[in-house]
Every structure is written in structure tokens, then in C-alpha cells.
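Data block for entry.cif (mmCIF, C-alpha atoms):
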```
data_final
loop_
_atom_site.label_atom_id
_atom_site.label_comp_id
_atom_site.auth_asym_id
_atom_site.auth_seq_id
_atom_site.Cartn_x
_atom_site.Cartn_y
_atom_site.Cartn_z
CA MET A 453 -30.83 -0.73 -29.80
CA LYS A 454 -33.12 1.75 -28.10
CA ILE A 455 -32.24 3.33 -24.75
CA THR A 456 -35.15 4.83 -22.83
CA LEU A 457 -35.30 6.74 -19.55
CA LYS A 458 -37.94 5.21 -17.27
CA LYS A 459 -39.36 5.59 -13.77
CA ARG A 460 -40.35 3.10 -11.06
CA LYS A 461 -42.25 3.93 -7.86
CA THR A 462 -40.16 3.37 -4.73
CA LYS A 463 -41.33 1.54 -1.61
CA ASN A 464 -42.14 4.75 0.27
CA GLY A 465 -44.64 5.70 -2.44
CA THR A 466 -43.57 9.35 -2.55
CA GLN A 467 -40.74 9.04 -5.08
CA GLU A 468 -39.87 7.36 -8.36
CA SER A 469 -36.43 5.95 -9.09
CA LEU A 470 -34.91 6.63 -12.50
CA TYR A 471 -33.39 3.92 -14.65
CA LEU A 472 -32.47 3.16 -18.24
CA GLU A 473 -34.06 0.44 -20.32
CA TYR A 474 -31.91 -1.07 -23.06
CA TYR A 475 -34.27 -2.57 -25.64
CA LYS A 476 -32.44 -4.97 -27.94
CA GLY A 477 -35.37 -6.20 -30.02
CA TYR A 478 -37.32 -9.42 -29.80
CA ILE A 479 -37.38 -12.99 -31.02
CA LYS A 480 -40.16 -15.44 -31.74
CA THR A 481 -40.11 -18.65 -29.75
CA ASP A 482 -40.90 -22.04 -31.27
CA ASP A 483 -44.50 -21.80 -30.07
CA GLY A 484 -44.94 -18.41 -31.81
CA LYS A 485 -44.71 -16.20 -28.72
CA ILE A 486 -42.82 -12.91 -28.73
CA LYS A 487 -39.88 -12.68 -26.33
CA HIS A 488 -38.46 -9.19 -25.78
CA ASN A 489 -34.79 -8.63 -24.97
CA ARG A 490 -34.40 -5.90 -22.36
CA GLU A 491 -31.68 -4.91 -19.91
CA PHE A 492 -31.82 -2.26 -17.19
CA GLU A 493 -29.37 0.12 -15.51
CA SER A 494 -30.15 1.86 -12.22
CA LEU A 495 -29.03 5.50 -12.16
CA ASN A 496 -29.30 5.95 -8.37
CA LEU A 497 -31.44 9.01 -9.01
CA SER A 498 -35.04 9.70 -8.05
CA VAL A 499 -37.78 12.33 -8.39
CA HIS A 500 -40.63 13.36 -6.10
CA ILE A 501 -44.02 12.15 -7.39
CA LYS A 502 -45.84 15.21 -6.11
CA PRO A 503 -43.25 17.89 -5.32
CA LYS A 504 -44.55 20.19 -2.60
CA THR A 505 -41.76 22.74 -2.30
CA GLN A 506 -39.62 24.71 -4.70
CA ILE A 507 -36.59 22.73 -3.51
CA GLN A 508 -38.27 19.43 -4.45
CA LYS A 509 -39.23 20.82 -7.85
CA GLN A 510 -35.65 21.92 -8.47
CA GLU A 511 -34.37 18.47 -7.39
CA ASN A 512 -36.73 16.86 -9.91
CA LYS A 513 -35.50 19.14 -12.67
CA ASP A 514 -31.80 18.57 -11.86
CA ASN A 515 -32.12 14.80 -11.58
CA LEU A 516 -34.13 14.47 -14.79
CA GLU A 517 -31.57 16.58 -16.67
CA LEU A 518 -28.71 14.47 -15.28
CA ALA A 519 -30.53 11.24 -16.15
CA GLU A 520 -31.11 12.44 -19.71
CA LYS A 521 -27.43 13.34 -20.09
CA ILE A 522 -26.49 9.83 -18.95
CA ARG A 523 -28.94 8.35 -21.46
CA ILE A 524 -27.43 10.37 -24.29
CA LYS A 525 -23.92 9.42 -23.18
CA ARG A 526 -24.83 5.71 -23.16
CA MET A 527 -26.32 6.05 -26.63
CA ASN A 528 -23.18 7.76 -27.93
CA GLU A 529 -21.01 5.05 -26.35
CA TYR A 530 -23.10 2.36 -28.03
CA ASN A 531 -22.89 4.10 -31.41
CA SER A 532 -19.13 4.53 -31.04
CA ARG A 533 -18.66 0.85 -30.32
CA ASN A 534 -21.13 -0.29 -32.95
CA HIS A 535 -19.81 1.87 -35.75
CA ASN A 536 -16.15 2.08 -34.68
CA PHE A 537 -16.22 5.86 -34.16
CA TYR A 538 -12.98 6.30 -32.26
CA ASN A 539 -11.79 9.28 -30.32
CA LYS A 540 -8.61 10.19 -32.19
CA ASP A 541 -7.09 11.97 -29.19
CA GLN A 542 -7.50 8.84 -27.08
CA LEU A 543 -6.10 6.55 -29.75
CA ASN A 544 -3.06 8.78 -30.23
CA TYR A 545 -2.26 8.61 -26.49
CA ASN A 546 1.23 7.24 -25.90
CA PHE A 547 0.99 3.60 -24.82
CA LEU A 548 4.09 3.60 -22.60
CA ASP A 549 2.88 6.75 -20.84
CA TYR A 550 -0.49 5.09 -20.25
CA PHE A 551 1.12 1.93 -18.83
CA SER A 552 3.49 4.04 -16.72
CA ASN A 553 0.52 5.89 -15.18
CA LEU A 554 -1.17 2.59 -14.29
CA THR A 555 2.11 1.42 -12.73
CA GLU A 556 2.34 4.54 -10.56
CA GLU A 557 -1.22 3.96 -9.32
CA ARG A 558 -0.09 0.54 -8.05
CA LYS A 559 2.79 2.19 -6.24
CA LYS A 560 0.37 4.31 -4.23
CA SER A 561 -1.66 1.28 -3.17
CA LYS A 562 1.45 -0.87 -2.49
CA GLY A 563 -0.11 -3.71 -4.44
CA ASN A 564 1.96 -5.66 -6.92
CA TYR A 565 3.87 -2.57 -8.02
CA GLY A 566 7.10 -4.51 -8.52
CA ASN A 567 5.58 -6.75 -11.19
CA TRP A 568 4.00 -3.79 -12.98
CA ASP A 569 7.29 -1.90 -12.91
CA SER A 570 9.15 -4.92 -14.30
CA THR A 571 6.56 -5.28 -17.06
CA LEU A 572 6.97 -1.61 -17.95
CA LYS A 573 10.71 -2.15 -18.33
CA LYS A 574 10.09 -5.09 -20.67
CA LEU A 575 7.65 -3.04 -22.74
CA ARG A 576 10.16 -0.20 -23.04
CA GLU A 577 12.70 -2.71 -24.35
CA TYR A 578 10.18 -4.20 -26.76
CA CYS A 579 8.41 -1.28 -28.40
CA ASN A 580 9.10 2.16 -29.79
CA VAL A 581 8.86 5.13 -27.41
CA ASN A 582 6.27 6.68 -29.76
CA THR A 583 3.95 3.66 -29.72
CA ARG A 584 0.33 4.79 -29.48
CA LEU A 585 -2.66 2.97 -28.06
CA ALA A 586 -3.85 2.68 -31.67
CA ASP A 587 -0.67 0.73 -32.50
CA VAL A 588 -1.38 -2.00 -29.94
CA ASP A 589 -3.03 -4.52 -32.26
CA GLU A 590 -3.00 -8.30 -32.51
CA GLU A 591 0.46 -8.36 -34.11
CA PHE A 592 1.82 -6.18 -31.31
CA VAL A 593 0.38 -8.57 -28.72
CA LYS A 594 1.79 -11.66 -30.45
CA GLY A 595 5.16 -9.95 -30.74
CA PHE A 596 5.31 -9.03 -27.06
CA LYS A 597 4.31 -12.55 -26.06
CA LYS A 598 7.06 -14.01 -28.26
CA TYR A 599 9.53 -11.49 -26.86
CA LEU A 600 8.81 -12.66 -23.29
CA GLU A 601 9.03 -16.33 -24.26
CA GLU A 602 12.16 -16.20 -26.40
CA LYS A 603 14.16 -12.99 -26.00
CA VAL A 604 14.10 -11.78 -22.38
CA ARG A 605 16.91 -13.06 -20.16
CA THR A 606 17.46 -12.95 -16.42
CA LYS A 607 20.52 -11.48 -14.69
CA SER A 608 22.03 -14.97 -14.85
CA ASN A 609 21.44 -15.00 -18.63
CA LEU A 610 18.68 -17.61 -18.35
CA PRO A 611 15.27 -17.54 -20.08
CA LEU A 612 12.36 -16.20 -18.04
CA SER A 613 10.44 -18.83 -16.09
CA LYS A 614 6.91 -19.60 -17.25
CA ASN A 615 5.57 -17.93 -14.13
CA SER A 616 7.48 -14.71 -14.83
CA GLN A 617 6.32 -14.76 -18.46
CA SER A 618 2.73 -15.27 -17.30
CA SER A 619 3.00 -12.48 -14.71
CA TYR A 620 4.37 -9.89 -17.17
CA TYR A 621 1.91 -10.84 -19.90
CA GLY A 622 -0.92 -10.69 -17.35
CA LYS A 623 -0.07 -7.11 -16.38
CA PHE A 624 0.08 -6.16 -20.06
CA THR A 625 -3.39 -7.60 -20.78
CA ALA A 626 -4.75 -5.98 -17.60
CA ALA A 627 -3.64 -2.59 -18.95
CA ILE A 628 -5.39 -3.26 -22.27
CA LYS A 629 -8.62 -4.18 -20.53
CA GLN A 630 -8.38 -1.04 -18.39
CA ALA A 631 -7.99 1.05 -21.54
CA ILE A 632 -11.16 -0.55 -22.92
CA LYS A 633 -12.97 0.15 -19.66
CA GLU A 634 -11.91 3.80 -19.89
CA LYS A 635 -13.18 3.93 -23.51
CA LYS A 636 -9.69 4.73 -24.80
CA ILE A 637 -9.89 1.76 -27.17
CA PHE A 638 -12.87 -0.39 -28.12
CA ASN A 639 -11.43 -3.63 -29.50
CA ASP A 640 -9.40 -6.03 -27.36
CA PRO A 641 -6.32 -7.14 -29.36
CA THR A 642 -5.54 -9.82 -26.74
CA ASP A 643 -8.81 -11.70 -27.34
CA SER A 644 -7.50 -13.77 -30.24
CA VAL A 645 -4.09 -14.48 -28.67
CA THR A 646 -3.64 -17.42 -26.30
CA GLY A 647 -2.19 -16.26 -23.00
CA ILE A 648 0.83 -17.65 -21.15
CA GLN A 649 -0.15 -20.22 -18.56
CA ALA A 650 1.69 -20.16 -15.23
CA GLU A 651 3.09 -23.36 -13.81
CA THR A 652 2.71 -24.59 -10.25
CA PRO A 653 6.19 -23.84 -8.88
CA ILE A 654 8.30 -26.58 -7.34
CA ARG A 655 9.61 -24.97 -4.17
CA GLU A 656 12.88 -26.68 -3.34
CA TYR A 657 13.89 -26.50 0.30
CA LEU A 658 16.34 -28.03 2.77
CA THR A 659 15.61 -30.21 5.77
CA PHE A 660 17.03 -29.27 9.16
CA GLU A 661 19.62 -32.06 8.77
CA GLU A 662 20.71 -30.65 5.40
CA VAL A 663 21.03 -27.12 6.79
CA ASN A 664 23.11 -28.57 9.61
CA LYS A 665 25.40 -30.27 7.07
CA LEU A 666 25.91 -26.96 5.29
CA SER A 667 26.70 -25.19 8.55
CA LYS A 668 29.60 -27.65 9.10
CA THR A 669 30.94 -27.42 5.52
CA ASP A 670 33.31 -24.75 4.19
CA CYS A 671 32.11 -22.49 1.38
CA ARG A 672 34.42 -20.73 -1.08
CA TYR A 673 32.86 -17.39 -0.11
CA PRO A 674 32.34 -17.09 3.68
CA VAL A 675 29.98 -14.12 3.22
CA LEU A 676 27.76 -16.30 1.01
CA LYS A 677 27.67 -19.00 3.68
CA ARG A 678 26.74 -16.51 6.42
CA ALA A 679 24.08 -14.84 4.28
CA PHE A 680 22.51 -18.12 3.13
CA LEU A 681 22.33 -19.57 6.65
CA PHE A 682 20.97 -16.23 7.89
CA SER A 683 18.18 -16.52 5.31
CA CYS A 684 17.47 -20.09 6.44
CA LEU A 685 17.05 -18.81 10.00
CA THR A 686 15.07 -15.65 9.20
CA GLY A 687 13.35 -16.11 5.81
CA LEU A 688 14.74 -12.83 4.42
CA ARG A 689 14.98 -12.47 0.65
CA TRP A 690 18.37 -12.03 -1.01
CA SER A 691 17.44 -8.46 -2.00
CA ASP A 692 16.76 -7.47 1.64
CA ILE A 693 19.84 -9.27 2.97
CA ASN A 694 22.05 -7.66 0.34
CA LYS A 695 20.97 -4.12 1.25
CA LEU A 696 20.79 -4.67 5.02
CA ILE A 697 22.76 -2.01 6.92
CA TRP A 698 23.74 -1.89 10.59
CA SER A 699 21.30 0.85 11.56
CA GLU A 700 18.51 -1.65 10.72
CA VAL A 701 19.87 -4.20 13.23
CA LYS A 702 18.53 -3.64 16.76
CA ASP A 703 20.24 -5.70 19.46
CA SER A 704 19.87 -3.73 22.69
CA ASN A 705 17.59 -3.97 25.74
CA GLY A 706 17.40 -7.74 25.39
CA GLU A 707 15.72 -7.64 21.97
CA LEU A 708 17.15 -8.93 18.71
CA LYS A 709 15.27 -7.66 15.67
CA LEU A 710 15.54 -6.05 12.27
CA ILE A 711 13.60 -2.94 11.28
CA PHE A 712 13.90 -2.46 7.55
CA GLU A 713 12.05 -1.48 4.38
CA GLN A 714 11.16 -4.54 2.31
CA LYS A 715 12.49 -3.94 -1.18
CA LYS A 716 9.71 -5.81 -2.97
CA THR A 717 6.76 -3.98 -1.37
CA SER A 718 8.39 -0.91 0.27
CA ASP A 719 6.61 -1.90 3.52
CA ILE A 720 8.41 -1.39 6.85
CA GLU A 721 9.04 -4.77 8.46
CA TYR A 722 9.76 -5.63 12.12
CA LEU A 723 11.43 -9.04 12.29
CA TYR A 724 12.65 -10.69 15.47
CA ILE A 725 15.72 -12.90 15.01
CA SER A 726 17.38 -15.60 17.11
CA GLU A 727 20.71 -15.23 18.90
CA GLN A 728 22.31 -17.61 16.40
CA ALA A 729 21.03 -15.50 13.50
CA ARG A 730 22.53 -12.41 15.18
CA GLU A 731 25.90 -14.18 15.51
CA LEU A 732 25.95 -14.70 11.74
CA LEU A 733 25.88 -10.92 11.27
CA GLY A 734 29.26 -10.49 12.95
CA ASP A 735 30.62 -7.46 14.77
CA ARG A 736 28.70 -4.19 14.53
CA LYS A 737 30.14 -1.54 12.21
CA GLN A 738 29.08 1.98 11.20
CA PRO A 739 25.30 2.61 10.90
CA ASN A 740 25.33 2.97 7.11
CA ASP A 741 27.74 0.09 6.44
CA ARG A 742 26.35 -3.00 4.75
CA VAL A 743 26.12 -6.01 7.06
CA PHE A 744 27.05 -8.56 4.39
CA THR A 745 29.93 -6.73 2.73
CA GLY A 746 31.02 -8.30 -0.55
CA LEU A 747 27.86 -10.32 -1.14
CA LYS A 748 27.18 -10.51 -4.88
CA TYR A 749 24.54 -11.93 -7.20
CA GLY A 750 25.53 -13.73 -10.37
CA VAL A 751 26.74 -16.92 -11.99
CA THR A 752 29.92 -17.11 -9.88
CA TYR A 753 28.11 -17.04 -6.53
CA ASN A 754 25.29 -19.29 -7.79
CA SER A 755 27.86 -21.88 -8.87
CA ALA A 756 29.68 -21.56 -5.55
CA LEU A 757 26.41 -22.19 -3.71
CA LEU A 758 25.81 -25.41 -5.66
CA ARG A 759 29.39 -26.62 -5.07
CA TRP A 760 29.04 -25.90 -1.36
CA CYS A 761 25.84 -27.97 -1.26
CA HIS A 762 27.45 -30.86 -3.14
CA ASN A 763 30.49 -30.80 -0.84
CA ALA A 764 28.08 -31.08 2.09
CA GLY A 765 26.36 -34.06 0.51
CA VAL A 766 23.22 -32.12 -0.41
CA TYR A 767 22.40 -33.06 -4.00
CA LYS A 768 19.53 -30.71 -4.76
CA HIS A 769 19.32 -27.80 -7.18
CA ILE A 770 19.59 -25.08 -4.53
CA THR A 771 19.39 -21.36 -5.22
CA PHE A 772 19.64 -18.59 -2.65
CA HIS A 773 15.85 -18.23 -2.62
CA CYS A 774 15.56 -21.85 -1.42
CA ALA A 775 16.79 -20.61 1.97
CA ARG A 776 13.57 -18.59 2.28
CA HIS A 777 11.51 -21.67 1.42
CA THR A 778 13.53 -23.64 3.96
CA ASN A 779 12.74 -21.15 6.72
CA ALA A 780 8.99 -21.32 6.01
CA VAL A 781 8.88 -25.13 5.96
CA LEU A 782 10.99 -25.49 9.11
CA LEU A 783 8.84 -23.02 11.05
CA LEU A 784 5.63 -24.81 10.08
CA GLU A 785 7.11 -28.24 10.82
CA LEU A 786 8.21 -27.05 14.24
CA GLY A 787 4.74 -25.78 15.16
CA ALA A 788 4.56 -22.10 14.14
CA ASP A 789 1.08 -21.10 12.94
CA ILE A 790 0.65 -20.12 9.31
CA TYR A 791 -0.37 -16.52 10.15
CA THR A 792 2.87 -15.92 12.05
CA VAL A 793 4.93 -17.46 9.25
CA SER A 794 3.11 -15.31 6.71
CA LYS A 795 3.87 -12.13 8.68
CA ARG A 796 7.53 -13.08 9.15
CA LEU A 797 7.94 -13.69 5.42
CA GLY A 798 6.28 -10.35 4.64
CA HIS A 799 3.55 -11.90 2.49
CA SER A 800 0.69 -9.52 1.69
CA GLU A 801 -1.74 -12.46 1.34
CA ILE A 802 -1.81 -15.61 3.46
CA ARG A 803 -2.61 -17.75 0.40
CA THR A 804 0.97 -17.14 -0.72
CA THR A 805 2.11 -18.89 2.46
CA GLU A 806 -0.33 -21.77 2.11
CA ILE A 807 1.90 -23.50 -0.47
CA TYR A 808 4.35 -24.20 2.37
CA ALA A 809 1.58 -25.66 4.50
CA LYS A 810 0.85 -28.10 1.68
CA ILE A 811 4.50 -29.18 1.66
CA VAL A 812 4.41 -29.78 5.42
CA ASP A 813 1.15 -31.70 5.09
CA LYS A 814 2.79 -33.95 2.49
CA LYS A 815 5.72 -34.61 4.83
CA ASN A 816 3.24 -35.37 7.61
CA LYS A 817 1.56 -37.95 5.40
CA GLU A 818 4.91 -39.53 4.50
CA ALA A 819 5.84 -39.72 8.19
CA ALA A 820 2.76 -41.82 8.88
CA GLU A 821 4.27 -44.61 6.77
CA LEU A 822 7.74 -44.57 8.38
CA ILE A 823 6.97 -47.04 11.17
CA PRO A 824 7.13 -50.64 9.89
CA ASN A 825 4.13 -52.91 10.33
CA LEU A 826 3.94 -54.64 13.69
CA SER A 827 3.13 -58.31 14.16
CA ILE A 828 0.05 -57.52 16.19
CA GLN A 829 -1.74 -60.33 17.97
CA LEU A 830 -4.85 -59.38 19.93
#
```

Is it possible to express this structure as C-alpha cells?
Amino acid sequence: MKITLKKRKTKNGTQESLYLEYYKGYIKTDDGKIKHNREFESLNLSVHIKPKTQIQKQENKDNLELAEKIRIKRMNEYNSRNHNFYNKDQLNYNFLDYFSNLTEERKKSKGNYGNWDSTLKKLREYCNVNTRLADVDEEFVKGFKKYLEEKVRTKSNLPLSKNSQSSYYGKFTAAIKQAIKEKKIFNDPTDSVTGIQAETPIREYLTFEEVNKLSKTDCRYPVLKRAFLFSCLTGLRWSDINKLIWSEVKDSNGELKLIFEQKKTSDIEYLYISEQARELLGDRKQPNDRVFTGLKYGVTYNSALLRWCHNAGVYKHITFHCARHTNAVLLLELGADIYTVSKRLGHSEIRTTEIYAKIVDKKNKEAAELIPNLSIQL
């Protein structure tokens, strides 16, 4: 391939823009004509056609020198890729350090830092601390994929869900592609490995009648009952309920709200709550005391939650997170707009909330068929 620096007159007629032409040879068409293969890259640089001042002459010189340096750099990049001339310092860069740096960048932007951080933890469990970028080959990729699918367990000692597997593997491949973009590596070891497809999640939730049944039924752990019903009424995640302290509960001047830092995103949330939700919190204690003292996460409490549901006549596979789904569905069914629901749930993107709107739409469709046919005579 030949890379040439070229000029093109601009619309004002006094300057020429600089660009690179990538000439990749030619082919002969069936009718014997020559077809050249060219690509172009704008450099966002220009020169004066007839420089009148010393300043314009210097600008021409500087821009032409810069353009030539870019041309040489592009040629070197092409040769490196084409002939596998690797930068040894880049290849010897520690892979976990590289992934950790990318994770920290997500923390600054408050994007999906949590998923990147979780992926980093899985990678630290999977590979050697001295793993280099050069060591991340096809076998490494296949091994990490298999590790996610077969070895990693949740806190409840269950296999990772397909969606979690897909999320972690996606962050891993994103890091590889970033390394390629930064010219740290030139071959993509994930290309020949089939990724992990996410599944459309089935979001189990409770109807208002089912929540009412639970509210009238005893639970082995009263704190679990209060916390679960509180989540049904507010949409708070287990992680935020578990760490909620009394200084984050504001119930003066006629306002009932929570001001807290969302654990998943580190964003500060302002959430108004109902009087009934406030009653579930109980009597106020010291500012730094946990509101739901004794609340735990694990097999024992998960089993107790299921038994409580069964005792109430609710025969669904309910987890604590289902309370959050329940809150979203109930709000939408009762007329709250999707933007408000999205803000209350702390979603960074409204499309995350739209799944609940689809559930409500389905229930709306089912409701249309509830009334039996009439014997209409007109």
C-alpha cells in the first residue's frame, strides 16, 4: 500500500486542505477496465495557496511538517500490522494493570463501573498476576469464557446467570478491542471465540393483591418482612436498604424522603417515600445506626422469603429483587409516567425501565379479554 500526502483547494479558494491518500492497488473489471482502490483521511490541516505574510509562510511550513509526520506514522502503523512488528514494551504491559486502569476510567464517568469492577475481580481470580498483554491469546479467551460459564459462583453458591456471564465477558472483550485501538496489540484473540449471548430476563413481580397477602402473613424474620415490603413500596435495591442509616432518613417539615448514595452507581439519590413506607422503618435511632438492623443476605434468608410467600399463598419464585420489579410495575399500572419511575428506580437510562412498561402493556392486553361476551342485539 502507498500512502501519499495530497492537497485539495477549499471553497474559499485561498487555501488547500491536506489529506492522505491510501492507494491499495487496482483490479481489472470483467469488461477490461481498470478500477483503482483508494481511501482518504482528512488531516484537518490546511496551507495558504499564496502566503502573503511571514506568519502565513510559517503556518504552511508547520502544517506540512505535521502532515508529513502523520503520513510516516500511518505508514509505520501499516507496516507493523502487516509484518507483525510488535512493540515489546507494549506487549509486556501487565494485563491486569491495563484492565484496572480502564476500570478506573469508568469510575470517573460513573458509567457501568460496577460491572467493570466485578469483571476485574473475576479476571484476578482466573489469571496469574504477571499475565502480560502478550499472554492474552485465543486459549486465554476460551479459558476465561469457560471459567465464567462453569466455575464462578454467586454468594448463594449458584452458577452465574447467562446475563452476568455475558456482561463480564463483554467487558473483557471491550478491553481487548481498546488495547487494539491503542496499538498495544494487533491481533484480536476474541475474534475466533463465540461470545456469550445474554438472555431476555424474566422479571418476576407481585400483584398488589399478592403484596397485600404478604403484609398480613407472618415471616420468620420480621426485619426481612419489613425490608421486603419497604422495597415493594419504594423500589430500593437490597444493597441500598441494607446499608441505609438513620441520617439518610428525612422526616421533618412535612416531608418524607431518603437522601442516600446509591451503591451501584455512587450517585446521590433523593427519594420521596409514603407514610406507610416510613412506618416500616420503625422508631428513629442514632444517626449512624442501620435502619434494618440484622438484615442478612444468604441462603437462610432467601429460603425464609420463599416460605413466607408460600405461607401467604403466593406460589412464585420470589427473590428480594422481585420487590423492586413489583414497585416499578405497580407504579406504572397506577398511572405514574415512565420517566418518573425511571428516576425513582435510579436508572441511568430510560430504556432499562421500558421492560416494565412492556409488562404493564401485556397486562393491559389481558384485561381487555376479562369481560365475557355479551348477547348483543341491535

- Note on the structure: One residue among A:Leu572, A:Ile637, A:Val663, A:Leu612 is nearest to Asn544 in chain A when using only C-alpha atoms, and that residue is A:Ile637

- Thr792 in chain A: which residues within 12 Å, counting all atoms listed in the file, same-chain residues fewer than 6 positions away excluded, as a PyMOL selection string? chain A and resi 723-724+780+783-784+798-799+802+805-806

- Can you pull out every residue within 7 Å of Arg460 in chain A, counting all atoms listed in the file, but drop anything in the same chain fewer than 4 positions away, and send it as JSON, numbers by chain? {"A": [468, 469, 470]}

- Query: Distance CA of Ser755 in chain A-CA of Ala775 in chain A, one decimal place?
  - Reply: 15.5 Å

Would you write out, as a PDB file with C-alpha atoms, keeping the file's coordinate frame, every residue that the PyMOL selection byres ((chain A and resi 760) around 8) captures in this file?
```
ATOM      1  CA  LEU A 666      25.910 -26.960   5.290  1.00  0.00           C
ATOM      2  CA  THR A 669      30.940 -27.420   5.520  1.00  0.00           C
ATOM      3  CA  ASP A 670      33.310 -24.750   4.190  1.00  0.00           C
ATOM      4  CA  CYS A 671      32.110 -22.490   1.380  1.00  0.00           C
ATOM      5  CA  ARG A 672      34.420 -20.730  -1.080  1.00  0.00           C
ATOM      6  CA  ALA A 756      29.680 -21.560  -5.550  1.00  0.00           C
ATOM      7  CA  LEU A 757      26.410 -22.190  -3.710  1.00  0.00           C
ATOM      8  CA  LEU A 758      25.810 -25.410  -5.660  1.00  0.00           C
ATOM      9  CA  ARG A 759      29.390 -26.620  -5.070  1.00  0.00           C
ATOM     10  CA  CYS A 761      25.840 -27.970  -1.260  1.00  0.00           C
ATOM     11  CA  HIS A 762      27.450 -30.860  -3.140  1.00  0.00           C
ATOM     12  CA  ASN A 763      30.490 -30.800  -0.840  1.00  0.00           C
ATOM     13  CA  ALA A 764      28.080 -31.080   2.090  1.00  0.00           C
TER      14      ALA A 764
END
```

- Task: Run the PyMOL selection byres ((chain A and resi 639-647) around 10) on the file and write out the hits as a ChimeraX atom specification.
- Result: /A:533,536,588-594,597,617-618,621-622,624-626,628-629,631-632,635-638,648-650

Selected residues, C-alpha atoms, written as a PDB file, keeping the file's coordinate frame, please.
```
ATOM      1  CA  ARG A 533     -18.660   0.850 -30.320  1.00  0.00           C
ATOM      2  CA  ASN A 536     -16.150   2.080 -34.680  1.00  0.00           C
ATOM      3  CA  VAL A 588      -1.380  -2.000 -29.940  1.00  0.00           C
ATOM      4  CA  ASP A 589      -3.030  -4.520 -32.260  1.00  0.00           C
ATOM      5  CA  GLU A 590      -3.000  -8.300 -32.510  1.00  0.00           C
ATOM      6  CA  GLU A 591       0.460  -8.360 -34.110  1.00  0.00           C
ATOM      7  CA  PHE A 592       1.820  -6.180 -31.310  1.00  0.00           C
ATOM      8  CA  VAL A 593       0.380  -8.570 -28.720  1.00  0.00           C
ATOM      9  CA  LYS A 594       1.790 -11.660 -30.450  1.00  0.00           C
ATOM     10  CA  LYS A 597       4.310 -12.550 -26.060  1.00  0.00           C
ATOM     11  CA  GLN A 617       6.320 -14.760 -18.460  1.00  0.00           C
ATOM     12  CA  SER A 618       2.730 -15.270 -17.300  1.00  0.00           C
ATOM     13  CA  TYR A 621       1.910 -10.840 -19.900  1.00  0.00           C
ATOM     14  CA  GLY A 622      -0.920 -10.690 -17.350  1.00  0.00           C
ATOM     15  CA  PHE A 624       0.080  -6.160 -20.060  1.00  0.00           C
ATOM     16  CA  THR A 625      -3.390  -7.600 -20.780  1.00  0.00           C
ATOM     17  CA  ALA A 626      -4.750  -5.980 -17.600  1.00  0.00           C
ATOM     18  CA  ILE A 628      -5.390  -3.260 -22.270  1.00  0.00           C
ATOM     19  CA  LYS A 629      -8.620  -4.180 -20.530  1.00  0.00           C
ATOM     20  CA  ALA A 631      -7.990   1.050 -21.540  1.00  0.00           C
ATOM     21  CA  ILE A 632     -11.160  -0.550 -22.920  1.00  0.00           C
ATOM     22  CA  LYS A 635     -13.180   3.930 -23.510  1.00  0.00           C
ATOM     23  CA  LYS A 636      -9.690   4.730 -24.800  1.00  0.00           C
ATOM     24  CA  ILE A 637      -9.890   1.760 -27.170  1.00  0.00           C
ATOM     25  CA  PHE A 638     -12.870  -0.390 -28.120  1.00  0.00           C
ATOM     26  CA  ILE A 648       0.830 -17.650 -21.150  1.00  0.00           C
ATOM     27  CA  GLN A 649      -0.150 -20.220 -18.560  1.00  0.00           C
ATOM     28  CA  ALA A 650       1.690 -20.160 -15.230  1.00  0.00           C
TER      29      ALA A 650
END
```

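Every protein or nucleic acid residue with an atom no more than 8 Å from Asn546 in chain A, counting all atoms listed in the file and leaving out same-chain residues fewer than 5 positions away, appears here: Asn582, Thr583, Arg584 and Leu585 of chain A.
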
With a distance cut-off of 12 Å and all atoms listed in the file, select the neighbouring residues of Lys459 in chain A, excluding the residue or stretch itself and same-chain residues fewer than 3 positions from it, and output the selection as a CSV table (one decimal) with C-alpha atoms, in the frame of the given file.
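Below is the file out_1.csv, written as the result:
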```
chain,number,residue,atom,x,y,z
A,456,THR,CA,-35.2,4.8,-22.8
A,462,THR,CA,-40.2,3.4,-4.7
A,467,GLN,CA,-40.7,9.0,-5.1
A,468,GLU,CA,-39.9,7.4,-8.4
A,469,SER,CA,-36.4,6.0,-9.1
A,470,LEU,CA,-34.9,6.6,-12.5
A,471,TYR,CA,-33.4,3.9,-14.6
A,472,LEU,CA,-32.5,3.2,-18.2
A,473,GLU,CA,-34.1,0.4,-20.3
A,492,PHE,CA,-31.8,-2.3,-17.2
A,493,GLU,CA,-29.4,0.1,-15.5
A,494,SER,CA,-30.2,1.9,-12.2
A,495,LEU,CA,-29.0,5.5,-12.2
A,496,ASN,CA,-29.3,6.0,-8.4
A,497,LEU,CA,-31.4,9.0,-9.0
A,498,SER,CA,-35.0,9.7,-8.0
A,499,VAL,CA,-37.8,12.3,-8.4
A,500,HIS,CA,-40.6,13.4,-6.1
A,501,ILE,CA,-44.0,12.2,-7.4
A,515,ASN,CA,-32.1,14.8,-11.6
A,516,LEU,CA,-34.1,14.5,-14.8
A,519,ALA,CA,-30.5,11.2,-16.2
```

- Message: the PyMOL selection byres ((chain A and resi 569) around 10) - which residues does that actually catch in the file I just gave you? List them as an MDAnalysis selection string.
- Response: chainID A and resid 551:552 554:556 558:559 564:568 570:575 620 623

Same residues, C-alpha atoms, saved as a PDB file, in the frame of the given file:
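Below you can see part03.pdb, which holds the result:
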```pdb
ATOM      1  CA  PHE A 551       1.120   1.930 -18.830  1.00  0.00           C
ATOM      2  CA  SER A 552       3.490   4.040 -16.720  1.00  0.00           C
ATOM      3  CA  LEU A 554      -1.170   2.590 -14.290  1.00  0.00           C
ATOM      4  CA  THR A 555       2.110   1.420 -12.730  1.00  0.00           C
ATOM      5  CA  GLU A 556       2.340   4.540 -10.560  1.00  0.00           C
ATOM      6  CA  ARG A 558      -0.090   0.540  -8.050  1.00  0.00           C
ATOM      7  CA  LYS A 559       2.790   2.190  -6.240  1.00  0.00           C
ATOM      8  CA  ASN A 564       1.960  -5.660  -6.920  1.00  0.00           C
ATOM      9  CA  TYR A 565       3.870  -2.570  -8.020  1.00  0.00           C
ATOM     10  CA  GLY A 566       7.100  -4.510  -8.520  1.00  0.00           C
ATOM     11  CA  ASN A 567       5.580  -6.750 -11.190  1.00  0.00           C
ATOM     12  CA  TRP A 568       4.000  -3.790 -12.980  1.00  0.00           C
ATOM     13  CA  SER A 570       9.150  -4.920 -14.300  1.00  0.00           C
ATOM     14  CA  THR A 571       6.560  -5.280 -17.060  1.00  0.00           C
ATOM     15  CA  LEU A 572       6.970  -1.610 -17.950  1.00  0.00           C
ATOM     16  CA  LYS A 573      10.710  -2.150 -18.330  1.00  0.00           C
ATOM     17  CA  LYS A 574      10.090  -5.090 -20.670  1.00  0.00           C
ATOM     18  CA  LEU A 575       7.650  -3.040 -22.740  1.00  0.00           C
ATOM     19  CA  TYR A 620       4.370  -9.890 -17.170  1.00  0.00           C
ATOM     20  CA  LYS A 623      -0.070  -7.110 -16.380  1.00  0.00           C
TER      21      LYS A 623
END
```

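With CA of Glu651 in chain A on one side and CA of Ser616 in chain A on the other, the separation reads 9.8 Å.
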